[in-house]
$ cat final.cif   # mmCIF, C-alpha atoms
data_input
#
loop_
_atom_site.label_atom_id
_atom_site.label_comp_id
_atom_site.auth_asym_id
_atom_site.auth_seq_id
_atom_site.Cartn_x
_atom_site.Cartn_y
_atom_site.Cartn_z
CA MET K 1 -18.51 17.58 11.34
CA PRO K 2 -19.11 17.32 7.57
CA ALA K 3 -16.61 15.45 5.54
CA GLY K 4 -14.16 17.76 3.88
CA HIS K 5 -10.69 17.95 2.56
CA GLY K 6 -9.34 17.38 6.07
CA ASP K 7 -10.70 13.80 6.11
CA ALA K 8 -9.17 12.72 2.79
CA PRO K 9 -5.43 12.58 3.59
CA PRO K 10 -5.72 10.15 6.53
CA CYS K 11 -7.89 7.82 4.45
CA GLY K 12 -5.50 8.08 1.52
CA ARG K 13 -2.51 7.41 3.72
CA TYR K 14 -4.22 4.39 5.29
CA VAL K 15 -5.07 2.82 1.92
CA SER K 16 -1.60 3.47 0.55
CA SER K 17 0.19 1.98 3.55
CA THR K 18 -2.06 -1.07 3.43
CA ARG K 19 -1.25 -1.67 -0.22
CA GLN K 20 2.46 -1.27 0.41
CA ALA K 21 2.42 -3.68 3.36
CA THR K 22 0.43 -6.41 1.60
CA PRO K 23 3.28 -7.94 -0.45
CA LYS K 24 5.55 -7.91 2.58
CA SER K 25 2.89 -9.51 4.74
CA TRP K 26 2.26 -12.12 2.07
CA LEU K 27 5.94 -12.98 1.82
CA ARG K 28 6.23 -13.17 5.60
CA GLY K 29 3.21 -15.46 5.70
CA ARG K 30 4.66 -17.75 3.04
CA PHE K 31 8.00 -17.84 4.81
CA ASP K 32 6.35 -18.73 8.11
CA LEU K 33 4.32 -21.43 6.38
CA LEU K 34 7.40 -22.99 4.78
CA ARG K 35 9.20 -22.81 8.11
CA ARG K 36 6.36 -24.74 9.73
CA TYR K 37 6.49 -27.31 6.94
CA HIS K 38 10.23 -27.55 7.51
CA GLU K 39 9.75 -28.25 11.21
CA VAL K 40 6.80 -30.62 10.82
CA SER K 41 8.49 -32.72 8.13
CA GLY K 42 11.82 -32.91 9.97
CA VAL K 43 13.58 -32.23 6.68
CA GLY K 44 16.54 -30.27 8.07
CA GLU K 45 18.66 -33.22 9.13
CA ILE K 46 17.84 -35.16 5.97
CA VAL K 47 18.79 -32.25 3.71
CA ARG K 48 22.06 -31.76 5.56
CA ARG K 49 22.90 -35.43 5.09
CA TYR K 50 21.95 -35.45 1.40
CA PHE K 51 23.87 -32.27 0.71
CA ALA K 52 27.12 -33.55 2.21
CA MET K 53 26.81 -37.01 0.68
CA ASN K 54 25.99 -35.86 -2.85
CA ALA K 55 28.38 -32.92 -2.93
CA PHE K 56 31.09 -35.40 -1.92
CA ASP K 57 30.04 -37.64 -4.80
CA GLY K 58 30.15 -34.71 -7.20
CA VAL K 59 33.62 -33.60 -6.16
CA LEU K 60 35.11 -37.09 -6.12
CA THR K 61 33.59 -38.02 -9.48
CA THR K 62 34.91 -34.83 -11.05
CA LEU K 63 38.32 -35.46 -9.54
CA GLY K 64 38.20 -38.89 -11.19
CA VAL K 65 37.32 -37.24 -14.51
CA LEU K 66 40.27 -34.87 -14.17
CA ALA K 67 42.66 -37.64 -13.19
CA GLY K 68 41.44 -39.89 -15.98
CA GLY K 69 41.78 -37.12 -18.53
CA TYR K 70 45.26 -36.15 -17.36
CA PHE K 71 46.68 -39.64 -17.11
CA GLY K 72 44.87 -40.65 -20.29
CA GLY K 73 46.60 -37.90 -22.25
CA VAL K 74 43.55 -35.76 -22.98
CA ARG K 75 44.83 -32.23 -23.63
CA ASP K 76 41.65 -30.74 -25.05
CA GLY K 77 40.10 -28.56 -22.35
CA HIS K 78 36.80 -28.46 -24.21
CA ALA K 79 36.56 -32.25 -24.06
CA ILE K 80 37.08 -32.21 -20.29
CA VAL K 81 34.41 -29.52 -19.87
CA VAL K 82 31.89 -31.51 -21.90
CA LEU K 83 32.75 -34.74 -20.11
CA GLY K 84 32.67 -33.11 -16.67
CA LEU K 85 29.42 -31.25 -17.22
CA SER K 86 27.75 -34.28 -18.82
CA THR K 87 28.77 -36.39 -15.84
CA ALA K 88 27.52 -33.72 -13.43
CA ALA K 89 24.20 -33.43 -15.29
CA ALA K 90 23.71 -37.19 -15.21
CA MET K 91 24.45 -37.25 -11.48
CA GLY K 92 22.02 -34.40 -10.88
CA ILE K 93 19.20 -35.96 -12.86
CA SER K 94 19.78 -39.36 -11.27
CA GLY K 95 20.00 -37.90 -7.78
CA SER K 96 16.96 -35.64 -7.98
CA TYR K 97 14.73 -38.16 -9.73
CA GLY K 98 15.77 -41.04 -7.49
CA ALA K 99 15.44 -38.98 -4.33
CA TYR K 100 12.03 -37.66 -5.37
CA MET K 101 10.60 -41.07 -6.13
CA THR K 102 12.10 -42.69 -3.04
CA GLU K 103 11.16 -39.90 -0.63
CA ARG K 104 7.68 -39.61 -2.12
CA ALA K 105 7.07 -43.33 -1.69
CA GLU K 106 8.35 -43.36 1.89
CA ARG K 107 6.36 -40.32 2.96
CA ARG K 108 3.17 -41.51 1.29
CA ARG K 109 3.53 -44.81 3.10
CA ALA K 110 4.01 -43.01 6.42
CA LEU K 111 0.99 -40.82 5.66
CA HIS K 112 -1.19 -43.82 4.87
CA GLU K 113 -0.12 -45.53 8.08
CA LEU K 114 -0.99 -42.41 10.05
CA GLU K 115 -4.40 -42.25 8.35
CA GLU K 116 -5.08 -45.89 9.22
CA SER K 117 -4.16 -45.35 12.85
CA THR K 118 -6.22 -42.17 13.21
CA LEU K 119 -9.10 -43.21 10.91
CA PHE K 120 -8.93 -39.74 9.40
CA SER K 121 -8.02 -38.56 5.90
CA LEU K 122 -4.95 -36.32 5.86
CA LYS K 123 -5.14 -35.52 2.16
CA ASN K 124 -5.77 -31.78 2.48
CA THR K 125 -4.04 -31.16 5.78
CA GLY K 126 -0.86 -29.36 6.71
CA ILE K 127 0.81 -32.71 7.35
CA ALA K 128 0.29 -33.76 3.73
CA ALA K 129 1.51 -30.37 2.50
CA ALA K 130 4.60 -30.63 4.69
CA SER K 131 5.26 -34.06 3.27
CA ARG K 132 5.12 -32.72 -0.30
CA TYR K 133 7.36 -29.82 0.68
CA ALA K 134 9.95 -32.19 2.14
CA THR K 135 9.93 -34.38 -0.95
CA ILE K 136 10.57 -31.44 -3.28
CA VAL K 137 13.29 -29.89 -1.10
CA ILE K 138 15.14 -33.18 -0.67
CA ALA K 139 14.99 -33.94 -4.39
CA ALA K 140 16.29 -30.45 -5.23
CA VAL K 141 19.21 -30.69 -2.79
CA ASP K 142 20.02 -34.23 -3.89
CA GLY K 143 20.17 -33.15 -7.53
CA LEU K 144 21.80 -29.74 -7.25
CA SER K 145 24.54 -30.43 -4.71
CA PRO K 146 26.66 -32.78 -6.90
CA VAL K 147 26.15 -30.55 -9.94
CA ALA K 148 27.28 -27.43 -8.09
CA ALA K 149 30.29 -29.19 -6.57
CA ALA K 150 31.32 -30.58 -9.96
CA ILE K 151 30.95 -27.26 -11.78
CA VAL K 152 33.22 -25.51 -9.27
CA ALA K 153 36.02 -28.00 -9.97
CA ILE K 154 35.51 -27.69 -13.75
CA LEU K 155 35.54 -23.87 -13.82
CA PRO K 156 39.33 -23.51 -14.33
CA PHE K 157 38.96 -25.05 -17.80
CA PHE K 158 36.92 -22.01 -18.85
CA PHE K 159 39.77 -19.61 -18.08
CA LEU K 160 43.08 -21.49 -18.26
CA SER K 161 44.94 -23.74 -20.64
CA ALA K 162 44.17 -27.43 -20.27
CA HIS K 163 47.57 -28.13 -18.72
CA ASP K 164 47.15 -25.50 -16.00
CA ALA K 165 43.45 -26.20 -15.52
CA TYR K 166 44.15 -29.82 -14.59
CA TYR K 167 46.28 -28.74 -11.65
CA VAL K 168 44.05 -25.86 -10.57
CA GLY K 169 40.89 -27.97 -10.92
CA ALA K 170 42.40 -30.77 -8.82
CA ALA K 171 43.45 -28.23 -6.18
CA VAL K 172 39.94 -26.76 -6.14
CA ALA K 173 38.48 -30.26 -5.76
CA PHE K 174 40.71 -30.93 -2.75
CA VAL K 175 39.67 -27.61 -1.20
CA GLU K 176 36.04 -28.62 -1.68
CA LEU K 177 36.70 -31.97 -0.02
CA PHE K 178 38.37 -30.25 2.91
CA LEU K 179 35.48 -27.79 3.34
CA LEU K 180 32.95 -30.63 3.20
CA GLY K 181 34.95 -32.40 5.89
CA VAL K 182 34.92 -29.26 8.00
CA PHE K 183 31.16 -29.02 7.53
CA LEU K 184 30.71 -32.61 8.69
CA GLY K 185 33.16 -32.01 11.52
CA ARG K 186 31.02 -29.16 12.79
CA VAL K 187 27.96 -31.39 12.66
CA SER K 188 29.67 -34.22 14.54
CA ARG K 189 31.64 -31.85 16.79
CA GLU K 190 34.85 -33.41 15.63
CA ARG K 191 38.18 -31.67 15.16
CA LEU K 192 37.65 -29.65 12.00
CA VAL K 193 41.11 -30.02 10.49
CA TRP K 194 41.08 -33.76 11.05
CA ALA K 195 37.60 -34.08 9.56
CA GLY K 196 38.67 -32.13 6.49
CA ALA K 197 41.85 -34.18 6.11
CA LYS K 198 39.87 -37.42 6.14
CA LEU K 199 37.78 -36.37 3.16
CA MET K 200 40.88 -35.15 1.34
CA GLY K 201 42.24 -38.65 1.88
CA ALA K 202 39.45 -39.99 -0.31
CA GLY K 203 40.66 -37.68 -3.06
CA VAL K 204 44.20 -39.02 -2.69
CA VAL K 205 42.88 -42.56 -2.98
CA SER K 206 41.03 -41.59 -6.17
CA LEU K 207 44.22 -40.17 -7.70
CA VAL K 208 46.23 -43.25 -6.74
CA VAL K 209 43.65 -45.56 -8.33
CA SER K 210 43.72 -43.48 -11.52
CA LEU K 211 47.52 -43.65 -11.57
CA LEU K 212 47.47 -47.43 -11.07
CA LEU K 213 44.98 -47.77 -13.91
CA LYS K 214 47.28 -45.72 -16.12
CA GLU K 215 50.21 -47.97 -15.27
CA GLY K 216 48.13 -51.13 -15.65
CA PHE K 217 46.66 -50.21 -19.03
CA GLY K 218 49.56 -48.12 -20.27
CA ARG K 219 51.28 -49.00 -23.48
#
$ encode --input "final.cif" --output "structure tokens"
Amino acid sequence: MPAGHGDAPPCGRYVSSTRQATPKSWLRGRFDLLRRYHEVSGVGEIVRRYFAMNAFDGVLTTLGVLAGGYFGGVRDGHAIVVLGLSTAAAMGISGSYGAYMTERAERRRALHELEESTLFSLKNTGIAAASRYATIVIAAVDGLSPVAAAIVAILPFFFLSAHDAYYVGAAVAFVELFLLGVFLGRVSRERLVWAGAKLMGAGVVSLVVSLLLKEGFGR
């Protein structure tokens, strides 16, 4: 049968559907590849640990900034925002850079040891790619988690007076500590309320230390 107008629509539909499916297929392929890297590198447990540890550091440090500012008589909300964000940025840079360098060194050492034992170069293999993936993910989580936790506790100073923001920010910080405790409690299969209360206890200790410093260095 000679080619005619009846043959064109199926061909056109086929080409169109292929073009529409290509981006989706590409994204699915990339997602599957990253998931394999995630499994091969064993990064899930490490990321969970780094997230909890560094978010805790971010919250507790910010709570110390709030307590120090309040007991030190700082009533300028802008000053607290600058101090809090500068502290958070320093923690993020330190965390991400330190984690990247440390994780990179450890994983390169492990890769070299594997190459020596197998007598085979792993430079352009999936194992090496998974190692690079893990290093980047861990560094990102290590750097971003304390920054995000700190910013949440500082947010009230953008909307409230300094006097009110101190109280609201401290309350937000304690809520963050409780939620982090609940998160860790789920991981360890511990009683969630008790796990949250334990991390809130660290916040109480921080406030008490700040109060003692105020009394010790007060005029």
$ resolve_selection --input "final.cif" --expression "the PyMOL selection byres ((chain K and resi 147) around 12)" --output "ChimeraX atom specification"
/K:51,54-62,84-96,140-146,148-154
$ resolve_selection --input "final.cif" --expression "the PyMOL selection byres ((chain K and resi 193) around 12)" --output "list in words"
Leu177, Phe178, Leu179, Leu180, Gly181, Val182, Phe183, Leu184, Gly185, Arg186, Arg189, Glu190, Arg191, Leu192, Trp194, Ala195, Gly196, Ala197, Lys198, Leu199 and Met200 of chain K
$ resolve_selection --input "final.cif" --expression "the PyMOL selection byres ((chain K and resi 107) around 12)" --output "list in words"
Ser41, Gly42, Val43, Ala99, Tyr100, Met101, Thr102, Glu103, Arg104, Ala105, Glu106, Arg108, Arg109, Ala110, Leu111, His112, Glu113, Leu114, Ile127, Ala128, Ala129, Ala130, Ser131, Arg132, Tyr133, Ala134, Thr135, Ile136 and Ile138 of chain K
$ atom_distance --input "final.cif" --atom1 "atom CA of K:Phe71" --atom2 "atom CA of K:Leu211"
6.9 Å
$ closest_residue --input "final.cif" --among "K:Leu63, K:Thr22, K:Tyr50, K:Gly68" --to "K:Leu212" --atoms "all atoms listed in the file"
K:Gly68
$ atom_distance --input "final.cif" --atom1 "atom CA of K:Val65" --atom2 "atom CA of K:Tyr167"
12.7 Å
$ residues_around --input "final.cif" --residues "K:Phe157" --least-positions-apart "2" --cutoff "8 Å" --atoms "all atoms listed in the file" --output "PyMOL selection string"
chain K and resi 77-78+80-81+154-155+159-162+165-166+169
$ atom_distance --input "final.cif" --atom1 "atom CA of K:Gly72" --atom2 "atom CA of K:Val208"
13.9 Å
$ closest_residue --input "final.cif" --among "K:Glu215, K:Phe158, K:Arg28, K:Glu116" --to "K:Val82" --atoms "only C-alpha atoms"
K:Phe158
